[in-house]
Amino acid sequence: MAEEYKSYEEKWGGRAKRARKEDILQSVIDPGDFGRGKNRFIDYVQKIALSKHLVNAASLLDFGCGTGRFLLWSSSRASWIVGIDITREMILLAKGHTRNLANVRLVRCSCNHLPFRDESFDNVLDVAVLQVLVLGEDDCVNAVNEMVRVLKTGGKAYVIEQVQGTPTTMRSHEDYLKMFRGCTCVVHKPVMRRGWGKSSSKMVVLAWKKKMPPFAFPLFGRIEMIMAKRHFEKRRASFDGDYLFVFEKGAT
Ligand SMILES: C[S@@+](CC[C@H](N)C(=O)[O-])C[C@H]1O[C@@H](n2cnc3c(N)ncnc32)[C@H](O)[C@@H]1O
């Protein structure tokens, strides 16, 4: 594995070691969320955004699977799933969480050099991985090229990334749209606004800590998605937050 990727390993390995073992969300979303409300909320909203689109996949690649939260979620939505991640500790946690799932396999590798043949998967899922590739623009472009290479023609890549949200990358809508060469973007919609101060999600976190009944949680998730949509419609250019893109690979 190339020397430059050691820095990713160190960062994510450290996060995986520091998080509580039983908490599948802490090392892949916000490591500082000890109350768990914020991470559960983000996890919930990302899954409802995907659930309308990712149904009945034959084969699925979870691109940067982390602790395996999407491997668990998609195991009933795909016939077989492969999770890849560069970080040894993440792969070990994902193995533990998915040990009872017969249709899940895990491979430790860099997303810039996938050990799979061209057109191996019907679908690819990427949640919050491109946004952490910060060594250089080429790094992210190479990762996307690999993602598209292993996707079958006509297959779909489901991508949830922060747009203009990470201080280190600040990638725009156009940056993401441009990177997926040879693909058509068939879905492009906001999932969640960035910034807890202005967000309804802050209410959820506070409410959750005071033991809000679980039935109210999905309601707040849906409110956040509606508010994100409205916010985006009004101020498209300046919208920052989590975004869902679905790309379909065209014939070459
Ligand atoms: C923010 S976490 C997201 C994990 C998972 N997709 C999720 O949403 O739960 C980012 C993940 O990307 C992995 N990662 C970082 N750089 C990578 C690389 N070059 N190749 C493969 N995985 C990488 C990290 O180990 C980490 O597990």
# chains A, B, ... in the order shown; residues from 1 in each chain; ligands from 1
$ residues_around --residues "Ile226 in chain A" --least-positions-apart "6" --cutoff "12 Å" --atoms "only C-alpha atoms" --output "list in words"
Val45, Ala49, Lys189, Pro190, Val191, Met192, Arg193, Ser199, Ser200, Leu219, Phe220, Phe232 and Glu233 of chain A
$ residues_around --residues "Thr153 in chain A" --least-positions-apart "4" --cutoff "12 Å" --atoms "only C-alpha atoms" --output "list in words"
Asp118, Glu119, Ser120, Phe121, Asp122, Asn123, Val148, Arg149, Ala157, Gly182, Cys183, Thr184, Phe247, Glu248, Lys249, Gly250, Ala251 and Thr252 of chain A
$ atom_distance --atom1 "CA of Arg230 in chain A" --atom2 "CA of His173 in chain A"
16.9 Å
$ residues_near_ligand --ligand "ligand 1" --cutoff "7 Å" --atoms "only C-alpha atoms and all ligand atoms" --output "ChimeraX atom specification"
/A:5,8-9,12-13,25,28-29,63-70,84-87,90,109-112,126-129,132-133
$ write_last_selection --atoms "C-alpha atoms" --output "tab-separated table (two decimals), in the first residue's frame"
chain	number	residue	atom	x	y	z
A	5	TYR	CA	-2.10	6.30	2.53
A	8	TYR	CA	-5.46	7.91	6.28
A	9	GLU	CA	-4.78	4.70	8.18
A	12	TRP	CA	-9.11	6.44	10.93
A	13	GLY	CA	-7.37	3.70	12.89
A	25	LEU	CA	-21.52	5.22	14.60
A	28	VAL	CA	-17.46	7.10	11.36
A	29	ILE	CA	-19.65	10.14	12.10
A	63	PHE	CA	-16.79	1.89	-0.88
A	64	GLY	CA	-15.06	2.78	2.42
A	65	CYS	CA	-17.35	0.75	4.66
A	66	GLY	CA	-15.92	1.93	8.01
A	67	THR	CA	-17.50	0.05	10.91
A	68	GLY	CA	-20.04	-1.54	8.57
A	69	ARG	CA	-23.23	0.38	9.38
A	70	PHE	CA	-24.27	0.33	5.70
A	84	ILE	CA	-13.68	-2.26	1.36
A	85	ASP	CA	-11.73	0.04	3.64
A	86	ILE	CA	-8.11	1.09	3.99
A	87	THR	CA	-8.10	0.94	7.80
A	90	MET	CA	-12.33	-0.42	10.72
A	109	CYS	CA	-7.54	-2.02	0.35
A	110	SER	CA	-7.28	1.58	-0.78
A	111	CYS	CA	-10.21	2.96	-2.72
A	112	ASN	CA	-7.67	4.25	-5.25
A	126	ASP	CA	-20.18	5.65	-1.04
A	127	VAL	CA	-21.06	7.53	2.14
A	128	ALA	CA	-18.67	10.22	3.41
A	129	VAL	CA	-15.52	8.77	1.85
A	132	VAL	CA	-12.21	12.62	3.55
A	133	LEU	CA	-9.80	12.18	0.62
$ closest_residue --among "A:Val246, A:Val107, A:Arg222, A:His113" --to "Tyr176 in chain A" --atoms "only C-alpha atoms"
A:Val246
$ atom_distance --atom1 "CA of Lys178 in chain A" --atom2 "CA of Trp73 in chain A"
29.1 Å
$ closest_residue --among "A:Ala16, A:Leu114, A:Ile91, A:Leu125" --to "Ser59 in chain A" --atoms "only C-alpha atoms"
A:Leu125
$ residues_around --residues "Ser27 in chain A" --least-positions-apart "4" --cutoff "6 Å" --atoms "only C-alpha atoms" --output "list in words"
Arg15, Ala16, Ala19 and Pro31 of chain A
$ select_by_dssp --residues "range 41-237 of chain A" --states "helix (DSSP H, G or I)" --output "count of residues only"
81
$ residues_around --residues "Leu71 in chain A" --least-positions-apart "4" --cutoff "8 Å" --atoms "only C-alpha atoms" --output "ChimeraX atom specification"
/A:62,65,75,81,83,98,104
$ write_last_selection --atoms "N, CA and C atoms" --output "PDB file, in the first residue's frame"
ATOM      1  N   ASP A  62     -19.579  -1.585  -0.985  1.00  0.00           N
ATOM      2  CA  ASP A  62     -19.612  -0.487  -0.011  1.00  0.00           C
ATOM      3  C   ASP A  62     -18.199   0.093   0.029  1.00  0.00           C
ATOM      4  N   CYS A  65     -16.206   1.200   3.844  1.00  0.00           N
ATOM      5  CA  CYS A  65     -17.355   0.751   4.659  1.00  0.00           C
ATOM      6  C   CYS A  65     -17.262   1.142   6.125  1.00  0.00           C
ATOM      7  N   SER A  75     -27.734  -5.371   3.821  1.00  0.00           N
ATOM      8  CA  SER A  75     -27.642  -6.824   3.644  1.00  0.00           C
ATOM      9  C   SER A  75     -28.969  -7.436   3.200  1.00  0.00           C
ATOM     10  N   ILE A  81     -22.643  -8.501  -0.964  1.00  0.00           N
ATOM     11  CA  ILE A  81     -22.056  -7.183  -0.706  1.00  0.00           C
ATOM     12  C   ILE A  81     -20.583  -7.341  -0.352  1.00  0.00           C
ATOM     13  N   GLY A  83     -17.507  -5.040   1.291  1.00  0.00           N
ATOM     14  CA  GLY A  83     -17.107  -3.783   1.925  1.00  0.00           C
ATOM     15  C   GLY A  83     -15.608  -3.645   1.823  1.00  0.00           C
ATOM     16  N   THR A  98     -20.709  -7.734  11.273  1.00  0.00           N
ATOM     17  CA  THR A  98     -21.408  -8.450  10.196  1.00  0.00           C
ATOM     18  C   THR A  98     -21.168  -9.967  10.260  1.00  0.00           C
ATOM     19  N   VAL A 104     -22.033 -11.032   3.120  1.00  0.00           N
ATOM     20  CA  VAL A 104     -21.110  -9.893   3.227  1.00  0.00           C
ATOM     21  C   VAL A 104     -19.658 -10.379   3.256  1.00  0.00           C
TER      22      VAL A 104
END
$ select_by_dssp --residues "range 60-116 of chain A" --states "strand (DSSP E or B)" --output "PyMOL selection string"
chain A and resi 60-63+78-85+104-108
$ atom_distance --atom1 "CA of Lys234 in chain A" --atom2 "CA of Arg171 in chain A"
20.0 Å
$ closest_residue --among "A:Val163, A:Met170, A:Leu177, A:Ile223" --to "Val144 in chain A" --atoms "only C-alpha atoms"
A:Leu177
